[in-house]
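Asker: My file is my_file.cif. It has mmCIF, C-alpha atoms and all ligand atoms:
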data_upload
loop_
_atom_site.group_PDB
_atom_site.id
_atom_site.type_symbol
_atom_site.label_atom_id
_atom_site.label_comp_id
_atom_site.auth_asym_id
_atom_site.auth_seq_id
_atom_site.Cartn_x
_atom_site.Cartn_y
_atom_site.Cartn_z
ATOM 1 C CA MET A 1 -70.726 26.406 3.180
ATOM 2 C CA TYR A 2 -69.940 25.601 6.853
ATOM 3 C CA GLU A 3 -66.775 27.755 6.975
ATOM 4 C CA PHE A 4 -68.593 30.716 5.419
ATOM 5 C CA ILE A 5 -71.533 30.558 7.865
ATOM 6 C CA GLN A 6 -69.196 29.983 10.829
ATOM 7 C CA LYS A 7 -67.101 33.049 9.890
ATOM 8 C CA ALA A 8 -70.234 35.136 9.344
ATOM 9 C CA HIS A 9 -71.588 34.131 12.786
ATOM 10 C CA SER A 10 -68.231 34.748 14.447
ATOM 11 C CA GLY A 11 -67.747 38.163 12.764
ATOM 12 C CA PHE A 12 -71.308 39.457 13.034
ATOM 13 C CA ALA A 13 -71.261 38.677 16.775
ATOM 14 C CA TYR A 14 -69.114 41.833 17.315
ATOM 15 C CA LEU A 15 -71.681 44.069 15.636
ATOM 16 C CA ALA A 16 -74.718 42.371 17.228
ATOM 17 C CA LEU A 17 -73.193 42.689 20.711
ATOM 18 C CA LEU A 18 -72.074 46.280 20.134
ATOM 19 C CA LEU A 19 -75.555 47.337 18.973
ATOM 20 C CA LEU A 20 -77.129 45.594 21.962
ATOM 21 C CA VAL A 21 -74.705 47.137 24.474
ATOM 22 C CA VAL A 22 -75.376 50.611 23.001
ATOM 23 C CA ALA A 23 -79.154 50.016 23.284
ATOM 24 C CA VAL A 24 -78.874 48.878 26.916
ATOM 25 C CA VAL A 25 -76.570 51.756 27.945
ATOM 26 C CA ASN A 26 -78.810 54.277 26.155
ATOM 27 C CA SER A 27 -81.944 53.007 27.891
ATOM 28 C CA ILE A 28 -80.312 52.977 31.341
ATOM 29 C CA MET A 29 -79.018 56.534 30.773
ATOM 30 C CA GLY A 30 -82.434 57.663 29.531
ATOM 31 C CA MET A 31 -84.116 56.126 32.550
ATOM 32 C CA SER A 32 -81.746 57.617 35.102
ATOM 33 C CA SER A 33 -81.706 61.104 33.568
ATOM 34 C CA LYS A 34 -85.507 61.052 33.149
ATOM 35 C CA LYS A 35 -85.218 62.419 29.607
ATOM 36 C CA GLU A 36 -87.845 62.180 26.892
ATOM 37 C CA PHE A 37 -87.990 59.043 24.727
ATOM 38 C CA THR A 38 -87.292 60.315 21.196
ATOM 39 C CA PHE A 39 -87.203 58.905 17.661
ATOM 40 C CA LYS A 40 -83.434 58.485 18.079
ATOM 41 C CA ASP A 41 -83.894 56.269 21.180
ATOM 42 C CA ARG A 42 -86.418 54.146 19.265
ATOM 43 C CA LYS A 43 -83.919 53.774 16.418
ATOM 44 C CA ILE A 44 -81.108 52.707 18.783
ATOM 45 C CA ALA A 45 -83.394 50.041 20.318
ATOM 46 C CA LEU A 46 -84.511 48.927 16.840
ATOM 47 C CA PHE A 47 -80.887 48.433 15.724
ATOM 48 C CA GLY A 48 -80.303 46.300 18.842
ATOM 49 C CA LEU A 49 -83.301 44.180 17.867
ATOM 50 C CA ILE A 50 -82.260 43.827 14.212
ATOM 51 C CA GLY A 51 -78.674 42.932 15.163
ATOM 52 C CA THR A 52 -79.700 40.099 17.477
ATOM 53 C CA HIS A 53 -82.340 38.785 15.041
ATOM 54 C CA THR A 54 -79.793 38.664 12.225
ATOM 55 C CA GLN A 55 -77.368 36.808 14.496
ATOM 56 C CA LEU A 56 -80.174 34.401 15.463
ATOM 57 C CA LEU A 57 -80.845 33.655 11.793
ATOM 58 C CA ILE A 58 -77.165 32.961 11.018
ATOM 59 C CA GLY A 59 -76.914 30.912 14.253
ATOM 60 C CA LEU A 60 -79.900 28.746 13.310
ATOM 61 C CA ILE A 61 -78.372 27.895 9.914
ATOM 62 C CA LEU A 62 -75.010 27.257 11.584
ATOM 63 C CA TYR A 63 -76.622 24.889 14.068
ATOM 64 C CA PHE A 64 -77.592 22.517 11.250
ATOM 65 C CA VAL A 65 -74.385 22.708 9.181
ATOM 66 C CA SER A 66 -71.761 22.816 11.949
ATOM 67 C CA PRO A 67 -70.054 19.692 13.332
ATOM 68 C CA ASN A 68 -70.419 21.420 16.729
ATOM 69 C CA GLY A 69 -74.216 21.878 16.543
ATOM 70 C CA LEU A 70 -76.920 19.272 16.015
ATOM 71 C CA ASN A 71 -74.402 16.852 14.469
ATOM 72 C CA MET A 72 -72.491 16.782 17.757
ATOM 73 C CA ILE A 73 -75.636 15.676 19.624
ATOM 74 C CA LYS A 74 -76.431 13.069 16.947
ATOM 75 C CA LEU A 75 -72.904 11.638 17.111
ATOM 76 C CA SER A 76 -72.376 11.527 20.861
ATOM 77 C CA GLY A 77 -75.900 11.556 22.302
ATOM 78 C CA MET A 78 -76.886 13.920 25.147
ATOM 79 C CA GLY A 79 -75.055 11.888 27.793
ATOM 80 C CA GLY A 80 -71.813 11.798 25.811
ATOM 81 C CA LEU A 81 -71.386 15.569 25.519
ATOM 82 C CA THR A 82 -68.350 17.119 27.208
ATOM 83 C CA THR A 83 -68.576 20.486 29.008
ATOM 84 C CA GLU A 84 -67.258 22.268 25.905
ATOM 85 C CA SER A 85 -69.414 20.469 23.358
ATOM 86 C CA ARG A 86 -72.497 20.916 25.574
ATOM 87 C CA LEU A 87 -71.887 24.669 25.596
ATOM 88 C CA LEU A 88 -71.793 24.833 21.785
ATOM 89 C CA ALA A 89 -74.471 22.281 20.927
ATOM 90 C CA LEU A 90 -76.968 22.944 23.710
ATOM 91 C CA GLU A 91 -76.456 25.812 26.154
ATOM 92 C CA HIS A 92 -75.312 28.530 23.731
ATOM 93 C CA PRO A 93 -78.165 28.036 21.207
ATOM 94 C CA LEU A 94 -80.888 27.521 23.840
ATOM 95 C CA VAL A 95 -79.926 30.414 26.124
ATOM 96 C CA ASN A 96 -79.451 32.745 23.129
ATOM 97 C CA ILE A 97 -82.901 31.916 21.771
ATOM 98 C CA ILE A 98 -84.395 32.717 25.207
ATOM 99 C CA ALA A 99 -82.353 35.956 25.349
ATOM 100 C CA ILE A 100 -83.525 37.071 21.896
ATOM 101 C CA ALA A 101 -87.136 36.189 22.814
ATOM 102 C CA LEU A 102 -86.805 38.502 25.862
ATOM 103 C CA ILE A 103 -85.371 41.287 23.677
ATOM 104 C CA THR A 104 -88.286 40.856 21.242
ATOM 105 C CA ILE A 105 -90.827 40.978 24.098
ATOM 106 C CA GLY A 106 -89.189 44.202 25.314
ATOM 107 C CA TRP A 107 -89.528 45.725 21.835
ATOM 108 C CA VAL A 108 -93.218 44.715 21.521
ATOM 109 C CA LYS A 109 -94.024 45.918 25.056
ATOM 110 C CA HIS A 110 -92.505 49.403 24.572
ATOM 111 C CA LYS A 111 -94.937 50.123 21.727
ATOM 112 C CA LYS A 112 -97.912 49.869 24.076
ATOM 113 C CA LEU A 113 -96.380 52.150 26.695
ATOM 114 C CA ILE A 114 -96.989 55.877 26.799
ATOM 115 C CA THR A 115 -94.529 57.496 29.183
ATOM 116 C CA SER A 116 -90.841 57.901 28.339
ATOM 117 C CA GLU A 117 -89.865 56.524 31.752
ATOM 118 C CA SER A 118 -91.774 53.259 31.213
ATOM 119 C CA LYS A 119 -90.295 52.814 27.725
ATOM 120 C CA PHE A 120 -86.706 53.285 28.949
ATOM 121 C CA LYS A 121 -87.409 51.010 31.928
ATOM 122 C CA THR A 122 -88.818 48.245 29.708
ATOM 123 C CA PHE A 123 -85.787 48.354 27.406
ATOM 124 C CA SER A 124 -83.398 48.427 30.360
ATOM 125 C CA ILE A 125 -84.979 45.296 31.872
ATOM 126 C CA TYR A 126 -85.650 43.155 28.789
ATOM 127 C CA TYR A 127 -82.642 44.148 26.678
ATOM 128 C CA GLY A 128 -80.426 44.129 29.790
ATOM 129 C CA LEU A 129 -81.502 40.617 30.780
ATOM 130 C CA GLY A 130 -81.077 39.468 27.171
ATOM 131 C CA LEU A 131 -77.545 40.877 27.060
ATOM 132 C CA LEU A 132 -76.585 39.191 30.346
ATOM 133 C CA LEU A 133 -77.917 35.840 29.134
ATOM 134 C CA ILE A 134 -76.052 36.128 25.817
ATOM 135 C CA LEU A 135 -72.785 37.057 27.569
ATOM 136 C CA SER A 136 -73.180 34.137 29.986
ATOM 137 C CA ARG A 137 -73.086 31.573 27.174
ATOM 138 C CA ILE A 138 -70.605 32.952 24.620
ATOM 139 C CA PRO A 139 -67.920 30.359 23.769
ATOM 140 C CA TRP A 140 -65.188 32.873 24.693
ATOM 141 C CA LYS A 141 -62.277 30.426 24.304
ATOM 142 C CA LEU A 142 -63.331 29.582 20.762
ATOM 143 C CA TRP A 143 -64.029 33.168 19.788
ATOM 144 C CA PHE A 144 -60.682 34.746 20.792
HETATM 145 C C1 LIG B 201 -76.911 37.204 19.787
HETATM 146 C C2 LIG B 201 -76.805 35.902 19.786
HETATM 147 C C3 LIG B 201 -75.546 35.137 19.507
HETATM 148 C C4 LIG B 201 -74.241 35.532 19.618
HETATM 149 C C5 LIG B 201 -73.687 36.883 20.062
HETATM 150 C C6 LIG B 201 -73.435 34.389 19.215
HETATM 151 C C7 LIG B 201 -72.055 34.368 19.196
HETATM 152 C C8 LIG B 201 -71.273 33.256 18.897
HETATM 153 C C9 LIG B 201 -69.845 33.227 18.936
HETATM 154 C C10 LIG B 201 -68.956 34.435 19.277
HETATM 155 C C11 LIG B 201 -69.441 31.971 18.590
HETATM 156 C C12 LIG B 201 -67.985 31.465 18.467
HETATM 157 C C13 LIG B 201 -67.579 31.704 17.012
HETATM 158 C C14 LIG B 201 -66.165 31.295 16.704
HETATM 159 O O1 LIG B 201 -65.871 30.096 16.698
HETATM 160 O O2 LIG B 201 -65.343 32.181 16.405
HETATM 161 C C15 LIG B 201 -70.630 31.182 18.342
HETATM 162 C C16 LIG B 201 -70.645 29.858 17.968
HETATM 163 C C17 LIG B 201 -71.779 29.124 17.675
HETATM 164 N N1 LIG B 201 -73.081 29.586 17.700
HETATM 165 FE FE1 LIG B 201 -73.683 31.443 18.269
HETATM 166 N N2 LIG B 201 -74.255 33.340 18.864
HETATM 167 C C18 LIG B 201 -75.552 33.756 19.027
HETATM 168 C C19 LIG B 201 -76.698 33.008 18.800
HETATM 169 C C20 LIG B 201 -76.719 31.700 18.350
HETATM 170 C C21 LIG B 201 -77.924 30.922 18.100
HETATM 171 C C22 LIG B 201 -79.332 31.438 18.345
HETATM 172 C C23 LIG B 201 -77.516 29.686 17.648
HETATM 173 C C24 LIG B 201 -78.315 28.479 17.232
HETATM 174 C C25 LIG B 201 -79.607 28.358 17.265
HETATM 175 C C26 LIG B 201 -76.055 29.684 17.622
HETATM 176 C C27 LIG B 201 -75.283 28.621 17.249
HETATM 177 C C28 LIG B 201 -73.913 28.552 17.332
HETATM 178 C C29 LIG B 201 -73.128 27.363 17.043
HETATM 179 C C30 LIG B 201 -73.665 25.996 16.613
HETATM 180 C C31 LIG B 201 -71.773 27.718 17.257
HETATM 181 C C32 LIG B 201 -70.546 26.797 17.082
HETATM 182 C C33 LIG B 201 -70.009 26.992 15.692
HETATM 183 C C34 LIG B 201 -68.842 26.080 15.349
HETATM 184 O O3 LIG B 201 -67.799 26.139 15.998
HETATM 185 O O4 LIG B 201 -68.981 25.309 14.403
HETATM 186 N N3 LIG B 201 -75.615 30.922 18.050
HETATM 187 N N4 LIG B 201 -71.734 31.990 18.534
#
Output the structure of this file as structure tokens.
Answerer:
Amino acid sequence: MYEFIQKAHSGFAYLALLLLVVAVVNSIMGMSSKKEFTFKDRKIALFGLIGTHTQLLIGLILYFVSPNGLNMIKLSGMGGLTTESRLLALEHPLVNIIAIALITIGWVKHKKLITSESKFKTFSIYYGLGLLLILSRIPWKLWF
């Protein structure tokens, strides 16, 4: 069970990040070229949202079955965590949840906006911040 979920989380991370990067680049390009926000732009942003939400779901399950998640905190206590175990058990999950909350807020906000410029701007800010937060807490050494 653990190995399967861990591999799924590790593998799906490529797709989730790719979809998010595409959504951020598309919104920045849309904003700077002042083009109209179309159905295609909405779809690109929606895929970014779905990708991160799917990764969140797999991550939440992983947190409870992995020896590097909640079990690590239970075994060593907060004070006993090393830099590496703190990244996996605390910083990575917490910062990613905040990042995905920001991405979700961006999605909800864009629906209430009317102009194309404001929609692209909202996605650029919220999805962009979400992406930066996610990238700041990826366990790169473990992943590659
Ligand atoms: C878009 C969001 C996320 C991305 C891109 C992401 C990506 C990753 C990556 C690349 C790894 C290393 C995988 C490997 O060992 O090959 C990892 C590990 C891990 N992630 Fe995430 N993650 C995300 C969200 C979350 C969330 C929200 C949680 C928990 C609530 C979580 C929990 C974990 C745990 C516990 C590990 C360590 C797994 C282990 O070694 O046993 N992740 N994540």
Asker: Extract, using all atoms listed in the file, all DNA, RNA and protein residues at most 10 Å from stretch 50-55 of chain A, discarding same-chain residues fewer than 2 positions from it, and format them as a PyMOL selection string.
Answerer: chain A and resi 8-20+45-48+57-60+96-97+99-101+103-104+130-131+134
Asker: Mind giving me the straight-line distance from atom CA of A:Leu56 to atom CA of A:Leu81 in Å, one decimal?
Answerer: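 Atom CA of A:Leu81 lies 23.1 Å from atom CA of A:Leu56.
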Asker: Which one is closest to A:Tyr2: A:Val65, A:Val21, A:Gly30, A:Tyr126? Count only C-alpha atoms.
Answerer: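 Using only C-alpha atoms, A:Tyr2 sits closest to A:Val65.
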Asker: Quick one: distance from atom CA of A:Val95 to atom CA of A:Lys109 in Å, one decimal?
Answerer: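 Between atom CA of A:Val95 and atom CA of A:Lys109 the gap works out to 21.0 Å.
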Asker: When distances are computed from all atoms listed in the file, which of A:Phe4, A:Phe37, A:Trp140, A:Tyr127 shows the smallest separation from ligand LIG 201 (chain B)?
Answerer: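 Looking at the shortest contact to ligand LIG 201 (chain B), the residue is A:Trp140.
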Asker: Please determine, counting all atoms listed in the file, which residue among A:Lys112, A:Arg42, A:Lys35, A:Lys7 has the shortest atom-to-atom distance to ligand LIG 201 (chain B).
Answerer: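 Between A:Lys112, A:Arg42, A:Lys35, A:Lys7, the residue approaching ligand LIG 201 (chain B) most closely is A:Lys7.
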Asker: For ligand LIG 201 (chain B), which residue among A:Val22, A:Leu62, A:Leu129, A:Leu102 is the nearest when counting only C-alpha atoms and all ligand atoms?
Answerer: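 Counting only C-alpha atoms and all ligand atoms, the residue closest to ligand LIG 201 (chain B) is A:Leu62.
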Asker: When distances are computed from all atoms listed in the file, which of A:Leu75, A:Ser27, A:His110, A:Glu117 shows the smallest separation from A:Lys40?
Answerer: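 Ranked by minimum distance to A:Lys40, first place goes to A:Ser27.
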Asker: Any idea what the distance is between atom CA of A:Phe64 and atom CA of A:Val108?
Answerer: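 For atom CA of A:Phe64 relative to atom CA of A:Val108, the distance reads 29.0 Å.
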Asker: Apply the PyMOL selection byres (((chain A and resi 85) around 12) and not hetatm) to the structure shown and report the selected residues as a PyMOL selection string.
Answerer: chain A and resi 66-73+75-84+86-93+139+142
Asker: Which one is closest to ligand LIG 201 (chain B): A:Ile105, A:Leu49, A:Ile125, A:Ile28? Count all atoms listed in the file.
Answerer: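 Result for the nearest residue to ligand LIG 201 (chain B): A:Leu49.
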